[in-house]
Amino acid sequence: AQTVTQSQPEMSVQEAETVTLSCTYDTSESDYYLFWYKQPPSRQMILVIRQEAYKQQNATENRFSVNFQKAAKSFSLKISDSQLGDAAMYFCAYRDGGSQGNLIFGKGTKLSVKP
Amino acid sequence: DVKVTQSSRYLVKRTGEKVFLECVQDMDHENMFWYRQDPGLGLRLIYFSYDVKMKEKGDIPEGYSVSREKKERFSLILESASTNQTSMYLCASSLLGQGYTEAFFGQGTRLTVV
């Protein structure tokens, strides 16, 4: 069965600095997708960024980028120029390419941003 | 603006009560999901559905059932609520057969069973 591991329960970053959240996963599939979701205190889960496994190029979305290392099964999220609004729980998630669409989540990393 | 709406944001129920959590989406999505979120455990899948009247068990279906009579609505049922079902419940929806597609989430229902 596929698993997703986030080894950092909590992280802290100074405003305007850069932080990297770690995620590793385990799968025997070759076709899959990876996601980072953000859950602020409002509880509304929001997609931050996604990556297709067959793409070698790392995805970027404004201040958010990933380091996708397929052989190492690693999918870290880098947040540049951190802002107070980035404070949230961040969840790494995995989906099989051939699945019905079910996401498998890690346990989450709580990110605090210090002014 | 796409939406997944859960009927209650907070709910308090008594042990043994039958509890209904309702979820409605307006995006014509085939897939709908119920997750349970607990601190330190992340999100765990309870049930999902990829079509009307279809349902599939997730990782933790014990003590729960679901109903999907219409495409836009997916209900989670706690047949006899217990204190260990106190948790945050998240509903989500997505398009079927599109692995890249985003899952959209409701705002969550924080259920307390006393």
# chains A, B, ... in the order shown; residues from 1 in each chain; ligands from 1
$ residues_around --residues "region 20-37 of chain A" --least-positions-apart "3" --cutoff "6 Å" --atoms "only C-alpha atoms" --output "NGL selection string"
:A and (2-6 or 46-53 or 73-78 or 90-97)
$ write_last_selection --atoms "N, CA and C atoms" --output "PDB file, in the first residue's frame"
ATOM      1  N   GLN A   2       0.361   2.268  -0.652  1.00  0.00           N
ATOM      2  CA  GLN A   2       1.122   3.503  -0.705  1.00  0.00           C
ATOM      3  C   GLN A   2       1.071   4.225   0.634  1.00  0.00           C
ATOM      4  N   THR A   3       2.167   4.865   0.963  1.00  0.00           N
ATOM      5  CA  THR A   3       2.237   5.653   2.197  1.00  0.00           C
ATOM      6  C   THR A   3       2.906   6.979   1.915  1.00  0.00           C
ATOM      7  N   VAL A   4       2.562   7.963   2.729  1.00  0.00           N
ATOM      8  CA  VAL A   4       3.153   9.291   2.636  1.00  0.00           C
ATOM      9  C   VAL A   4       3.658   9.677   4.021  1.00  0.00           C
ATOM     10  N   THR A   5       4.895  10.131   4.092  1.00  0.00           N
ATOM     11  CA  THR A   5       5.507  10.448   5.383  1.00  0.00           C
ATOM     12  C   THR A   5       5.983  11.900   5.399  1.00  0.00           C
ATOM     13  N   GLN A   6       5.515  12.618   6.389  1.00  0.00           N
ATOM     14  CA  GLN A   6       6.023  13.973   6.647  1.00  0.00           C
ATOM     15  C   GLN A   6       6.712  13.904   8.003  1.00  0.00           C
ATOM     16  N   ILE A  46      -6.685  24.054   0.802  1.00  0.00           N
ATOM     17  CA  ILE A  46      -6.436  24.732  -0.466  1.00  0.00           C
ATOM     18  C   ILE A  46      -5.254  24.058  -1.151  1.00  0.00           C
ATOM     19  N   LEU A  47      -5.391  23.791  -2.432  1.00  0.00           N
ATOM     20  CA  LEU A  47      -4.278  23.223  -3.180  1.00  0.00           C
ATOM     21  C   LEU A  47      -3.188  24.281  -3.349  1.00  0.00           C
ATOM     22  N   VAL A  48      -1.965  23.901  -3.029  1.00  0.00           N
ATOM     23  CA  VAL A  48      -0.827  24.813  -3.183  1.00  0.00           C
ATOM     24  C   VAL A  48      -0.105  24.547  -4.495  1.00  0.00           C
ATOM     25  N   ILE A  49       0.188  23.265  -4.748  1.00  0.00           N
ATOM     26  CA  ILE A  49       0.983  22.929  -5.909  1.00  0.00           C
ATOM     27  C   ILE A  49       0.844  21.440  -6.183  1.00  0.00           C
ATOM     28  N   ARG A  50       1.045  21.029  -7.431  1.00  0.00           N
ATOM     29  CA  ARG A  50       0.935  19.615  -7.785  1.00  0.00           C
ATOM     30  C   ARG A  50       2.018  19.254  -8.804  1.00  0.00           C
ATOM     31  N   GLN A  51       2.304  17.959  -8.865  1.00  0.00           N
ATOM     32  CA  GLN A  51       3.381  17.455  -9.715  1.00  0.00           C
ATOM     33  C   GLN A  51       2.970  16.119 -10.311  1.00  0.00           C
ATOM     34  N   GLU A  52       3.165  15.978 -11.600  1.00  0.00           N
ATOM     35  CA  GLU A  52       2.952  14.686 -12.246  1.00  0.00           C
ATOM     36  C   GLU A  52       4.261  13.908 -12.209  1.00  0.00           C
ATOM     37  N   ALA A  53       4.193  12.641 -11.879  1.00  0.00           N
ATOM     38  CA  ALA A  53       5.420  11.850 -11.700  1.00  0.00           C
ATOM     39  C   ALA A  53       6.228  11.731 -12.979  1.00  0.00           C
ATOM     40  N   LYS A  73      12.031   9.070  -4.095  1.00  0.00           N
ATOM     41  CA  LYS A  73      10.631   9.166  -3.649  1.00  0.00           C
ATOM     42  C   LYS A  73      10.482  10.284  -2.625  1.00  0.00           C
ATOM     43  N   SER A  74      10.956  11.440  -3.031  1.00  0.00           N
ATOM     44  CA  SER A  74      10.938  12.623  -2.177  1.00  0.00           C
ATOM     45  C   SER A  74      10.255  13.763  -2.905  1.00  0.00           C
ATOM     46  N   PHE A  75       9.477  14.543  -2.152  1.00  0.00           N
ATOM     47  CA  PHE A  75       8.675  15.616  -2.752  1.00  0.00           C
ATOM     48  C   PHE A  75       8.590  16.754  -1.744  1.00  0.00           C
ATOM     49  N   SER A  76       9.597  17.586  -1.688  1.00  0.00           N
ATOM     50  CA  SER A  76       9.632  18.651  -0.689  1.00  0.00           C
ATOM     51  C   SER A  76       9.056  19.944  -1.253  1.00  0.00           C
ATOM     52  N   LEU A  77       8.535  20.751  -0.363  1.00  0.00           N
ATOM     53  CA  LEU A  77       7.919  22.036  -0.724  1.00  0.00           C
ATOM     54  C   LEU A  77       8.795  23.169  -0.203  1.00  0.00           C
ATOM     55  N   LYS A  78       9.154  24.078  -1.080  1.00  0.00           N
ATOM     56  CA  LYS A  78       9.922  25.254  -0.680  1.00  0.00           C
ATOM     57  C   LYS A  78       9.033  26.485  -0.770  1.00  0.00           C
ATOM     58  N   TYR A  90       0.360  22.068   6.548  1.00  0.00           N
ATOM     59  CA  TYR A  90       0.632  21.689   5.169  1.00  0.00           C
ATOM     60  C   TYR A  90       0.623  20.163   5.070  1.00  0.00           C
ATOM     61  N   PHE A  91      -0.147  19.680   4.120  1.00  0.00           N
ATOM     62  CA  PHE A  91      -0.265  18.244   3.917  1.00  0.00           C
ATOM     63  C   PHE A  91       0.269  17.859   2.544  1.00  0.00           C
ATOM     64  N   CYS A  92       1.102  16.852   2.544  1.00  0.00           N
ATOM     65  CA  CYS A  92       1.575  16.239   1.314  1.00  0.00           C
ATOM     66  C   CYS A  92       0.596  15.111   0.973  1.00  0.00           C
ATOM     67  N   ALA A  93       0.272  14.954  -0.303  1.00  0.00           N
ATOM     68  CA  ALA A  93      -0.701  13.929  -0.683  1.00  0.00           C
ATOM     69  C   ALA A  93      -0.275  13.245  -1.977  1.00  0.00           C
ATOM     70  N   TYR A  94      -0.708  12.001  -2.111  1.00  0.00           N
ATOM     71  CA  TYR A  94      -0.343  11.138  -3.242  1.00  0.00           C
ATOM     72  C   TYR A  94      -1.612  10.582  -3.861  1.00  0.00           C
ATOM     73  N   ARG A  95      -1.590  10.458  -5.183  1.00  0.00           N
ATOM     74  CA  ARG A  95      -2.703   9.795  -5.860  1.00  0.00           C
ATOM     75  C   ARG A  95      -2.154   8.900  -6.954  1.00  0.00           C
ATOM     76  N   ASP A  96      -2.605   7.634  -7.009  1.00  0.00           N
ATOM     77  CA  ASP A  96      -2.271   6.724  -8.102  1.00  0.00           C
ATOM     78  C   ASP A  96      -2.847   7.251  -9.407  1.00  0.00           C
ATOM     79  N   GLY A  97      -2.129   7.046 -10.495  1.00  0.00           N
ATOM     80  CA  GLY A  97      -2.666   7.436 -11.787  1.00  0.00           C
ATOM     81  C   GLY A  97      -3.885   6.630 -12.176  1.00  0.00           C
TER      82      GLY A  97
END
$ interface_residues --of "chain A" --to "chain B" --cutoff "6 Å" --atoms "only C-alpha atoms" --output "VMD selection string"
chain A and resid 43 to 45 97 105 to 108
$ write_last_selection --atoms "N, CA and C atoms" --output "short mmCIF file (atom, residue, chain, number, x, y, z; two decimals), in the first residue's frame"
data_model
loop_
_atom_site.label_atom_id
_atom_site.label_comp_id
_atom_site.auth_asym_id
_atom_site.auth_seq_id
_atom_site.Cartn_x
_atom_site.Cartn_y
_atom_site.Cartn_z
N ARG A 43 -9.62 26.28 8.37
CA ARG A 43 -9.86 24.85 8.10
C ARG A 43 -10.10 24.55 6.62
N GLN A 44 -10.16 25.56 5.77
CA GLN A 44 -10.40 25.33 4.36
C GLN A 44 -9.14 24.82 3.67
N MET A 45 -9.19 23.59 3.20
CA MET A 45 -8.03 23.00 2.51
C MET A 45 -7.89 23.63 1.13
N GLY A 97 -2.13 7.05 -10.49
CA GLY A 97 -2.67 7.44 -11.79
C GLY A 97 -3.88 6.63 -12.18
N PHE A 105 -2.85 10.97 2.30
CA PHE A 105 -2.22 12.13 2.93
C PHE A 105 -1.15 11.73 3.94
N GLY A 106 -0.17 12.62 4.08
CA GLY A 106 0.75 12.53 5.20
C GLY A 106 0.09 13.11 6.44
N LYS A 107 0.83 13.09 7.56
CA LYS A 107 0.25 13.53 8.82
C LYS A 107 0.28 15.04 8.99
N GLY A 108 0.98 15.72 8.12
CA GLY A 108 0.95 17.17 8.15
C GLY A 108 2.14 17.79 8.86
#
$ select_by_dssp --residues "region 33-111 of chain B" --states "strand (DSSP E or B)" --output "PDB file with N, CA, C and O atoms, in the first residue's frame"
ATOM      1  N   PHE B  33     -15.732  12.239  -1.435  1.00  0.00           N
ATOM      2  CA  PHE B  33     -14.944  11.563  -0.405  1.00  0.00           C
ATOM      3  C   PHE B  33     -15.328  12.085   0.979  1.00  0.00           C
ATOM      4  O   PHE B  33     -15.661  13.253   1.140  1.00  0.00           O
ATOM      5  N   TRP B  34     -15.210  11.213   1.963  1.00  0.00           N
ATOM      6  CA  TRP B  34     -15.255  11.616   3.362  1.00  0.00           C
ATOM      7  C   TRP B  34     -13.948  11.212   4.037  1.00  0.00           C
ATOM      8  O   TRP B  34     -13.558  10.045   3.997  1.00  0.00           O
ATOM      9  N   TYR B  35     -13.315  12.226   4.638  1.00  0.00           N
ATOM     10  CA  TYR B  35     -12.085  12.015   5.390  1.00  0.00           C
ATOM     11  C   TYR B  35     -12.329  12.380   6.851  1.00  0.00           C
ATOM     12  O   TYR B  35     -13.132  13.256   7.162  1.00  0.00           O
ATOM     13  N   ARG B  36     -11.543  11.752   7.686  1.00  0.00           N
ATOM     14  CA  ARG B  36     -11.522  12.107   9.101  1.00  0.00           C
ATOM     15  C   ARG B  36     -10.134  12.672   9.400  1.00  0.00           C
ATOM     16  O   ARG B  36      -9.121  12.103   8.974  1.00  0.00           O
ATOM     17  N   GLN B  37     -10.096  13.806  10.116  1.00  0.00           N
ATOM     18  CA  GLN B  37      -8.828  14.452  10.429  1.00  0.00           C
ATOM     19  C   GLN B  37      -8.628  14.508  11.930  1.00  0.00           C
ATOM     20  O   GLN B  37      -9.444  15.080  12.653  1.00  0.00           O
ATOM     21  N   ASP B  38      -7.546  13.923  12.397  1.00  0.00           N
ATOM     22  CA  ASP B  38      -7.199  13.941  13.818  1.00  0.00           C
ATOM     23  C   ASP B  38      -5.775  14.437  13.978  1.00  0.00           C
ATOM     24  O   ASP B  38      -4.909  14.122  13.138  1.00  0.00           O
ATOM     25  N   GLY B  42      -3.145  13.080  10.483  1.00  0.00           N
ATOM     26  CA  GLY B  42      -3.442  13.551   9.139  1.00  0.00           C
ATOM     27  C   GLY B  42      -4.887  13.269   8.753  1.00  0.00           C
ATOM     28  O   GLY B  42      -5.777  13.199   9.605  1.00  0.00           O
ATOM     29  N   LEU B  43      -5.123  13.117   7.460  1.00  0.00           N
ATOM     30  CA  LEU B  43      -6.460  12.807   6.945  1.00  0.00           C
ATOM     31  C   LEU B  43      -6.512  11.334   6.578  1.00  0.00           C
ATOM     32  O   LEU B  43      -5.646  10.830   5.867  1.00  0.00           O
ATOM     33  N   ARG B  44      -7.549  10.686   7.046  1.00  0.00           N
ATOM     34  CA  ARG B  44      -7.746   9.271   6.737  1.00  0.00           C
ATOM     35  C   ARG B  44      -9.085   9.097   6.045  1.00  0.00           C
ATOM     36  O   ARG B  44     -10.091   9.642   6.479  1.00  0.00           O
ATOM     37  N   LEU B  45      -9.069   8.288   4.995  1.00  0.00           N
ATOM     38  CA  LEU B  45     -10.253   8.115   4.175  1.00  0.00           C
ATOM     39  C   LEU B  45     -11.237   7.166   4.835  1.00  0.00           C
ATOM     40  O   LEU B  45     -10.883   6.039   5.199  1.00  0.00           O
ATOM     41  N   ILE B  46     -12.499   7.598   4.938  1.00  0.00           N
ATOM     42  CA  ILE B  46     -13.541   6.761   5.525  1.00  0.00           C
ATOM     43  C   ILE B  46     -14.276   5.993   4.417  1.00  0.00           C
ATOM     44  O   ILE B  46     -14.338   4.767   4.412  1.00  0.00           O
ATOM     45  N   TYR B  47     -14.854   6.737   3.486  1.00  0.00           N
ATOM     46  CA  TYR B  47     -15.560   6.183   2.337  1.00  0.00           C
ATOM     47  C   TYR B  47     -15.393   7.125   1.155  1.00  0.00           C
ATOM     48  O   TYR B  47     -15.175   8.321   1.331  1.00  0.00           O
ATOM     49  N   PHE B  48     -15.545   6.574  -0.040  1.00  0.00           N
ATOM     50  CA  PHE B  48     -15.655   7.422  -1.204  1.00  0.00           C
ATOM     51  C   PHE B  48     -16.672   6.849  -2.176  1.00  0.00           C
ATOM     52  O   PHE B  48     -17.072   5.677  -2.074  1.00  0.00           O
ATOM     53  N   SER B  49     -17.065   7.683  -3.121  1.00  0.00           N
ATOM     54  CA  SER B  49     -18.068   7.301  -4.102  1.00  0.00           C
ATOM     55  C   SER B  49     -17.682   7.897  -5.437  1.00  0.00           C
ATOM     56  O   SER B  49     -17.306   9.075  -5.517  1.00  0.00           O
ATOM     57  N   GLU B  56     -17.398   2.981  -1.892  1.00  0.00           N
ATOM     58  CA  GLU B  56     -16.236   2.130  -1.651  1.00  0.00           C
ATOM     59  C   GLU B  56     -15.687   2.438  -0.265  1.00  0.00           C
ATOM     60  O   GLU B  56     -15.605   3.610   0.123  1.00  0.00           O
ATOM     61  N   LYS B  57     -15.290   1.410   0.454  1.00  0.00           N
ATOM     62  CA  LYS B  57     -14.693   1.612   1.769  1.00  0.00           C
ATOM     63  C   LYS B  57     -13.290   2.190   1.624  1.00  0.00           C
ATOM     64  O   LYS B  57     -12.543   1.825   0.724  1.00  0.00           O
ATOM     65  N   TYR B  64     -19.150   3.631  10.398  1.00  0.00           N
ATOM     66  CA  TYR B  64     -19.691   4.632   9.478  1.00  0.00           C
ATOM     67  C   TYR B  64     -20.405   3.955   8.310  1.00  0.00           C
ATOM     68  O   TYR B  64     -20.098   2.812   7.959  1.00  0.00           O
ATOM     69  N   SER B  65     -21.336   4.678   7.721  1.00  0.00           N
ATOM     70  CA  SER B  65     -21.907   4.289   6.440  1.00  0.00           C
ATOM     71  C   SER B  65     -22.112   5.579   5.639  1.00  0.00           C
ATOM     72  O   SER B  65     -21.945   6.677   6.171  1.00  0.00           O
ATOM     73  N   VAL B  66     -22.424   5.411   4.356  1.00  0.00           N
ATOM     74  CA  VAL B  66     -22.603   6.584   3.496  1.00  0.00           C
ATOM     75  C   VAL B  66     -23.811   6.370   2.602  1.00  0.00           C
ATOM     76  O   VAL B  66     -24.296   5.259   2.424  1.00  0.00           O
ATOM     77  N   SER B  67     -24.246   7.486   2.034  1.00  0.00           N
ATOM     78  CA  SER B  67     -25.365   7.447   1.104  1.00  0.00           C
ATOM     79  C   SER B  67     -25.113   8.462   0.009  1.00  0.00           C
ATOM     80  O   SER B  67     -24.737   9.609   0.281  1.00  0.00           O
ATOM     81  N   ARG B  68     -25.340   8.011  -1.234  1.00  0.00           N
ATOM     82  CA  ARG B  68     -25.242   8.949  -2.352  1.00  0.00           C
ATOM     83  C   ARG B  68     -26.401   8.683  -3.293  1.00  0.00           C
ATOM     84  O   ARG B  68     -26.313   7.880  -4.220  1.00  0.00           O
ATOM     85  N   GLU B  69     -27.491   9.386  -3.059  1.00  0.00           N
ATOM     86  CA  GLU B  69     -28.705   9.243  -3.863  1.00  0.00           C
ATOM     87  C   GLU B  69     -28.711  10.178  -5.049  1.00  0.00           C
ATOM     88  O   GLU B  69     -29.365   9.912  -6.063  1.00  0.00           O
ATOM     89  N   LYS B  70     -28.006  11.286  -4.942  1.00  0.00           N
ATOM     90  CA  LYS B  70     -27.871  12.247  -6.029  1.00  0.00           C
ATOM     91  C   LYS B  70     -26.401  12.565  -6.235  1.00  0.00           C
ATOM     92  O   LYS B  70     -25.600  12.484  -5.290  1.00  0.00           O
ATOM     93  N   ARG B  73     -24.702  15.165  -3.842  1.00  0.00           N
ATOM     94  CA  ARG B  73     -24.818  15.039  -2.390  1.00  0.00           C
ATOM     95  C   ARG B  73     -24.253  13.715  -1.896  1.00  0.00           C
ATOM     96  O   ARG B  73     -24.574  12.648  -2.429  1.00  0.00           O
ATOM     97  N   PHE B  74     -23.433  13.805  -0.829  1.00  0.00           N
ATOM     98  CA  PHE B  74     -22.802  12.612  -0.267  1.00  0.00           C
ATOM     99  C   PHE B  74     -22.901  12.720   1.250  1.00  0.00           C
ATOM    100  O   PHE B  74     -22.358  13.669   1.838  1.00  0.00           O
ATOM    101  N   SER B  75     -23.602  11.791   1.852  1.00  0.00           N
ATOM    102  CA  SER B  75     -23.861  11.863   3.293  1.00  0.00           C
ATOM    103  C   SER B  75     -23.042  10.822   4.035  1.00  0.00           C
ATOM    104  O   SER B  75     -22.911   9.679   3.586  1.00  0.00           O
ATOM    105  N   LEU B  76     -22.528  11.226   5.164  1.00  0.00           N
ATOM    106  CA  LEU B  76     -21.828  10.315   6.072  1.00  0.00           C
ATOM    107  C   LEU B  76     -22.730  10.067   7.272  1.00  0.00           C
ATOM    108  O   LEU B  76     -23.263  11.014   7.853  1.00  0.00           O
ATOM    109  N   ILE B  77     -22.898   8.795   7.617  1.00  0.00           N
ATOM    110  CA  ILE B  77     -23.815   8.421   8.695  1.00  0.00           C
ATOM    111  C   ILE B  77     -23.047   7.687   9.787  1.00  0.00           C
ATOM    112  O   ILE B  77     -22.311   6.729   9.502  1.00  0.00           O
ATOM    113  N   LEU B  78     -23.219   8.160  10.998  1.00  0.00           N
ATOM    114  CA  LEU B  78     -22.710   7.452  12.165  1.00  0.00           C
ATOM    115  C   LEU B  78     -23.917   6.758  12.785  1.00  0.00           C
ATOM    116  O   LEU B  78     -24.804   7.406  13.340  1.00  0.00           O
ATOM    117  N   SER B  87     -14.170  14.106  16.240  1.00  0.00           N
ATOM    118  CA  SER B  87     -13.127  14.384  15.268  1.00  0.00           C
ATOM    119  C   SER B  87     -13.574  15.503  14.339  1.00  0.00           C
ATOM    120  O   SER B  87     -14.692  15.998  14.412  1.00  0.00           O
ATOM    121  N   MET B  88     -12.666  15.865  13.429  1.00  0.00           N
ATOM    122  CA  MET B  88     -12.997  16.761  12.327  1.00  0.00           C
ATOM    123  C   MET B  88     -13.280  15.896  11.096  1.00  0.00           C
ATOM    124  O   MET B  88     -12.497  14.988  10.777  1.00  0.00           O
ATOM    125  N   TYR B  89     -14.367  16.190  10.403  1.00  0.00           N
ATOM    126  CA  TYR B  89     -14.742  15.439   9.204  1.00  0.00           C
ATOM    127  C   TYR B  89     -14.709  16.380   8.001  1.00  0.00           C
ATOM    128  O   TYR B  89     -15.318  17.446   8.009  1.00  0.00           O
ATOM    129  N   LEU B  90     -13.999  15.937   6.986  1.00  0.00           N
ATOM    130  CA  LEU B  90     -13.844  16.731   5.774  1.00  0.00           C
ATOM    131  C   LEU B  90     -14.426  15.985   4.584  1.00  0.00           C
ATOM    132  O   LEU B  90     -14.128  14.810   4.371  1.00  0.00           O
ATOM    133  N   CYS B  91     -15.224  16.702   3.820  1.00  0.00           N
ATOM    134  CA  CYS B  91     -15.776  16.182   2.578  1.00  0.00           C
ATOM    135  C   CYS B  91     -14.981  16.778   1.416  1.00  0.00           C
ATOM    136  O   CYS B  91     -14.513  17.922   1.492  1.00  0.00           O
ATOM    137  N   ALA B  92     -14.820  16.011   0.351  1.00  0.00           N
ATOM    138  CA  ALA B  92     -14.105  16.507  -0.825  1.00  0.00           C
ATOM    139  C   ALA B  92     -14.753  15.953  -2.079  1.00  0.00           C
ATOM    140  O   ALA B  92     -15.456  14.930  -2.047  1.00  0.00           O
ATOM    141  N   SER B  93     -14.489  16.612  -3.202  1.00  0.00           N
ATOM    142  CA  SER B  93     -14.969  16.103  -4.479  1.00  0.00           C
ATOM    143  C   SER B  93     -13.915  16.341  -5.550  1.00  0.00           C
ATOM    144  O   SER B  93     -13.060  17.231  -5.417  1.00  0.00           O
ATOM    145  N   SER B  94     -13.984  15.554  -6.619  1.00  0.00           N
ATOM    146  CA  SER B  94     -13.053  15.724  -7.739  1.00  0.00           C
ATOM    147  C   SER B  94     -13.643  15.060  -8.972  1.00  0.00           C
ATOM    148  O   SER B  94     -14.589  14.265  -8.886  1.00  0.00           O
ATOM    149  N   PHE B 104     -11.426  19.300  -4.276  1.00  0.00           N
ATOM    150  CA  PHE B 104     -11.943  20.476  -3.576  1.00  0.00           C
ATOM    151  C   PHE B 104     -12.575  20.018  -2.265  1.00  0.00           C
ATOM    152  O   PHE B 104     -13.302  19.022  -2.235  1.00  0.00           O
ATOM    153  N   PHE B 105     -12.300  20.787  -1.229  1.00  0.00           N
ATOM    154  CA  PHE B 105     -12.732  20.393   0.105  1.00  0.00           C
ATOM    155  C   PHE B 105     -13.788  21.337   0.663  1.00  0.00           C
ATOM    156  O   PHE B 105     -13.794  22.548   0.356  1.00  0.00           O
ATOM    157  N   THR B 109     -16.488  19.682   9.350  1.00  0.00           N
ATOM    158  CA  THR B 109     -17.441  19.625  10.462  1.00  0.00           C
ATOM    159  C   THR B 109     -16.699  19.088  11.678  1.00  0.00           C
ATOM    160  O   THR B 109     -16.157  17.975  11.633  1.00  0.00           O
ATOM    161  N   ARG B 110     -16.657  19.900  12.715  1.00  0.00           N
ATOM    162  CA  ARG B 110     -16.032  19.424  13.954  1.00  0.00           C
ATOM    163  C   ARG B 110     -17.118  18.794  14.807  1.00  0.00           C
ATOM    164  O   ARG B 110     -17.994  19.482  15.330  1.00  0.00           O
ATOM    165  N   LEU B 111     -17.067  17.478  14.914  1.00  0.00           N
ATOM    166  CA  LEU B 111     -18.074  16.717  15.655  1.00  0.00           C
ATOM    167  C   LEU B 111     -17.545  16.346  17.037  1.00  0.00           C
ATOM    168  O   LEU B 111     -16.445  15.802  17.159  1.00  0.00           O
TER     169      LEU B 111
END
$ residues_around --residues "region 10-15 of chain A" --least-positions-apart "5" --cutoff "8 Å" --atoms "only C-alpha atoms" --output "PyMOL selection string"
chain A and resi 21+81-84+109-115
$ atom_distance --atom1 "CA of Asn84 (chain B)" --atom2 "CA of Thr112 (chain B)"
9.3 Å
$ atom_distance --atom1 "CA of Ser42 (chain A)" --atom2 "CA of Gly16 (chain B)"
29.7 Å
$ atom_distance --atom1 "CA of Val19 (chain A)" --atom2 "CA of Lys38 (chain A)"
14.5 Å
